[in-house]
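S.K.: Just dropping this structure here.
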Amino acid sequence: MEGRRGAYPPEVRERSVRLVAESWRHHDWGWAAMWSVVARLGVGTPETVRKCVRCGVDGVFRQLRIGGAVAACVVVVACAVSPPAFGPPAAAPAAPPAPAPAPPTPRPVSCAQATLDAMTPRARVGQLLLLGVPATGADRLLPVIERFAPGGVFLTGRSAAGVEATAATVATVQRLGAGASGGIGMFVATDQEGGQVQVLSGPGFSRIPSATVQGSWEPDLLQTAATGWGRELRAAGVNVNLAPVADVLSPALGTANAAIGRYDRAFGTDPQVVSDHVMAFTRGMRDAGVVGTVKHFPGLGRVRDNTDFSAGVVDRQTTATDPNLRPFTSASKAGTPWLMVSSAVYTKIDAGRAATFSPAVVTTLLREKIGFQGLIVSDDLGRAEQVATLAPGERAVRFLAAGGDIVVTADPATLGPMIDAVLSAARDDPGFAARVTDAQRRILEAKSPIGLVCSYG
């Protein structure tokens, strides 16, 4: 487009130049837009305009004086070019106010949180409990489930009923549990390690070899096999397997280790071998849609007695930096969802308390140092001799206060006292109440992706 030099009086151009220089600085116009104005007016060149802005308002008059007249650029608004009105000199436009910061976007409330908010305090505490139920004859405990609405059950004993019959039993338990808890599905667990520790058998269930045998396999083979075993559990309605054992067996003890070695429950005596097989087993369960549980932190491979049947079980060797912790550390890094804590005493970590009741073990070592983010589960606190000197309610309170999430009890008679004790402690201690709420939230968040919260029923 051909320019129109001298279209406006000099005094108008001078006011316009000042206006344009200020506007340019505040509105970040593109060079192309500005040059279209310059070309329209027939004054200056693109380089002249650049110099104009670099020199500032006062420098404009030195850079854009052409033939004794001040060349002008006019402000462009809505893509129009208009000559400025005659009258008194216009003041330079003020800088536009800084935009107000956008209000923070509120985080949507998760289904798990909304569910927790709607529950009564007693119902919330019920979610912290995993109750032992006989794999055969579970109907005898249906009134207990209906009354206390525990967050889950674990099938105990030995059953040869097979997949189909087990699925029917689990479906009954689930319907009753969901009804008692306001629609929240239950964790249904069992011990399906293999060998002498296999609760469920019969039609549709494989005969699983012991962990000692599994430890001789290549990890890839074990993962494939575990996926098959997990699918059997899933078909039976079981969503959590309380396996694998991650304890590194002391070669000096062997079968003299009453908890692990005597029953061939260990993958081996080398931490790396055990770690590799623990990971393969849990990956296989995950691939089948079943939650695996790595146990018994920080390890039962160096004790002689079994905490289920003996009191005073002590490990005097394991430290907080022990190589035998490797299977647990690897599992944590891989995102293992459940991890079970032993009830033995570990004198080099906390000489005064069983691991299940020890903040040094549960919180400082497992949660903080190792960085475990999943659910921390107790070993049995219902019938185990190791904890029998404490009242049932005190066992639950101490475990939760130490940093645990799910209280396991094989004794239905302990359910009521445990719930009452936790409620009482939460009323008296705000710090404990916050700890309990954290555990409850973790549990519901873990239930959500497997369809037990909101989508259940």
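Identifiers in the structure tokens: chain A, B, ... in order shown; residue index from 1 per chain; ligand index from 1 in order shown.
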Could you find all residues in region 78-291 of chain A that DSSP calls alpha helix (DSSP H) from the backbone, and write them as a PyMOL selection string?
M.R.: chain A and resi 111-118+121-126+142-148+162-180+211-214+219-235+271-287
S.K.: Considering only C-alpha atoms, return as a list in words whatever protein or nucleic-acid residues lie within 9 Å of Ile145 (chain A), sequence-local ones (same chain, fewer than 4 positions apart) excluded.
M.R.: Leu131, Leu141, Ala149, Pro150, Val153, Val173, Leu176, Gly177 and Ala180 of chain A
S.K.: Restricted to C-alpha atoms, what would the selected residues look like written as a short mmCIF file (atom, residue, chain, number, x, y, z; two decimals), in the first residue's frame?
M.R.:
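Output below, filename again-v3.cif:
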data_model
loop_
_atom_site.label_atom_id
_atom_site.label_comp_id
_atom_site.auth_asym_id
_atom_site.auth_seq_id
_atom_site.Cartn_x
_atom_site.Cartn_y
_atom_site.Cartn_z
CA LEU A 131 -10.69 -61.10 60.06
CA LEU A 141 -18.98 -66.12 61.11
CA ALA A 149 -18.29 -54.88 59.10
CA PRO A 150 -14.54 -55.56 58.89
CA VAL A 153 -11.45 -61.40 55.65
CA VAL A 173 -19.35 -63.08 52.41
CA LEU A 176 -23.03 -59.48 53.55
CA GLY A 177 -19.90 -57.41 54.13
CA ALA A 180 -22.97 -54.08 56.52
#
S.K.: Could you give me, as a PyMOL selection string, the residues within 12 Å of Arg395 (chain A), counting only C-alpha atoms and dropping anything in the same chain fewer than 5 positions from it?
M.R.: chain A and resi 343+353-358+378-384+386-390+400-402+404+406-409+414-415+417-419+421-422
S.K.: Between CA of Gly431 (chain A) and CA of Gly403 (chain A), what distance in Å does the model show, to one decimal?
M.R.: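 Those two atoms sit 11.8 Å apart.
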S.K.: Enumerate the residues of region 321-383 of chain A with a DSSP assignment of strand (DSSP E or B), computed from the backbone, and present them as a list in words.
M.R.: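 Secondary structure check on region 321-383 of chain A, strand (DSSP E or B): Trp338, Leu339, Met340, Val341, Val345, Tyr346, Asp350, Ala351, Gly352, Arg353, Ala354, Leu375, Ile376, Val377 and Ser378 of chain A.
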S.K.: Write out as JSON, numbers by chain the residues lying within 10 Å of Ala167 (chain A), counting only C-alpha atoms and excluding same-chain residues fewer than 5 positions away.
M.R.: {"A": [161, 162, 172, 173, 233, 234, 235, 236, 237, 238]}
S.K.: Dump N, CA and C atoms for the selected residues as an mmCIF file, in the first residue's frame?
M.R.:
data_model
loop_
_atom_site.group_PDB
_atom_site.id
_atom_site.type_symbol
_atom_site.label_atom_id
_atom_site.label_comp_id
_atom_site.auth_asym_id
_atom_site.auth_seq_id
_atom_site.Cartn_x
_atom_site.Cartn_y
_atom_site.Cartn_z
ATOM 1 N N ALA A 161 -12.480 -77.713 48.601
ATOM 2 C CA ALA A 161 -13.785 -77.508 47.961
ATOM 3 C C ALA A 161 -13.667 -77.118 46.497
ATOM 4 N N GLY A 162 -12.540 -76.566 46.090
ATOM 5 C CA GLY A 162 -12.366 -76.180 44.708
ATOM 6 C C GLY A 162 -12.803 -74.746 44.420
ATOM 7 N N THR A 172 -21.079 -64.881 49.019
ATOM 8 C CA THR A 172 -21.965 -64.681 50.161
ATOM 9 C C THR A 172 -21.342 -63.727 51.175
ATOM 10 N N VAL A 173 -20.059 -63.950 51.470
ATOM 11 C CA VAL A 173 -19.350 -63.084 52.410
ATOM 12 C C VAL A 173 -19.293 -61.652 51.885
ATOM 13 N N LEU A 233 -7.119 -68.020 41.952
ATOM 14 C CA LEU A 233 -7.615 -67.283 43.106
ATOM 15 C C LEU A 233 -8.670 -66.269 42.695
ATOM 16 N N ARG A 234 -8.397 -65.561 41.626
ATOM 17 C CA ARG A 234 -9.329 -64.534 41.165
ATOM 18 C C ARG A 234 -10.668 -65.160 40.795
ATOM 19 N N ALA A 235 -10.627 -66.319 40.156
ATOM 20 C CA ALA A 235 -11.867 -67.001 39.781
ATOM 21 C C ALA A 235 -12.662 -67.417 41.015
ATOM 22 N N ALA A 236 -11.967 -67.644 42.128
ATOM 23 C CA ALA A 236 -12.621 -68.027 43.381
ATOM 24 C C ALA A 236 -13.069 -66.820 44.198
ATOM 25 N N GLY A 237 -12.843 -65.612 43.693
ATOM 26 C CA GLY A 237 -13.261 -64.415 44.403
ATOM 27 C C GLY A 237 -12.231 -63.864 45.364
ATOM 28 N N VAL A 238 -11.032 -64.434 45.367
ATOM 29 C CA VAL A 238 -9.956 -63.973 46.254
ATOM 30 C C VAL A 238 -9.186 -62.862 45.554
#
S.K.: List as a list in words the protein and nucleic acid residues near region 347-349 of chain A, meaning an atom at most 7 Å away when only C-alpha atoms are counted, but skip any in the same chain fewer than 4 places from it.
M.R.: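 Near neighbours after the sequence-gap exclusion: Asp315, Arg316, Gln317, Thr318, Thr319, Ala320, Ala360 and Val361 of chain A.
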S.K.: If I take CA of Asp350 (chain A) and CA of Glu193 (chain A), how far is one from the other in Å, to one decimal?
M.R.: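 About the pair CA of Asp350 (chain A) and CA of Glu193 (chain A): they are 29.1 Å apart.
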S.K.: Determine, counting only C-alpha atoms, which protein, DNA and RNA residues have an atom within 10 Å of an atom of Arg442 (chain A); residues of the same chain fewer than 3 positions away are not included. Present the result as a PyMOL selection string.
M.R.: chain A and resi 112-113+128+373-376+405-406+436-439+445-447
S.K.: Take the residues just selected and output them with C-alpha atoms as a PDB file, in the first residue's frame.
M.R.:
ATOM      1  CA  ALA A 112     -12.424 -42.978  48.353  1.00  0.00           C
ATOM      2  CA  GLN A 113     -12.324 -39.695  50.283  1.00  0.00           C
ATOM      3  CA  LEU A 128      -8.813 -51.364  59.510  1.00  0.00           C
ATOM      4  CA  GLN A 373       4.013 -46.453  49.983  1.00  0.00           C
ATOM      5  CA  GLY A 374       1.556 -49.346  50.125  1.00  0.00           C
ATOM      6  CA  LEU A 375      -0.498 -50.876  52.921  1.00  0.00           C
ATOM      7  CA  ILE A 376       1.387 -52.082  55.998  1.00  0.00           C
ATOM      8  CA  ASP A 405      -2.658 -49.830  58.383  1.00  0.00           C
ATOM      9  CA  ILE A 406      -4.405 -53.212  58.526  1.00  0.00           C
ATOM     10  CA  VAL A 436      -5.988 -43.729  62.057  1.00  0.00           C
ATOM     11  CA  THR A 437      -7.601 -41.475  59.448  1.00  0.00           C
ATOM     12  CA  ASP A 438      -4.470 -41.783  57.306  1.00  0.00           C
ATOM     13  CA  ALA A 439      -4.688 -45.591  57.493  1.00  0.00           C
ATOM     14  CA  GLU A 445      -7.709 -45.747  48.080  1.00  0.00           C
ATOM     15  CA  ALA A 446      -6.313 -49.277  47.712  1.00  0.00           C
ATOM     16  CA  LYS A 447      -9.817 -50.689  47.329  1.00  0.00           C
TER      17      LYS A 447
END
S.K.: Please report the interatomic distance between CA of Arg286 (chain A) and CA of Ala331 (chain A) in Å with one decimal.
M.R.: 12.6 Å
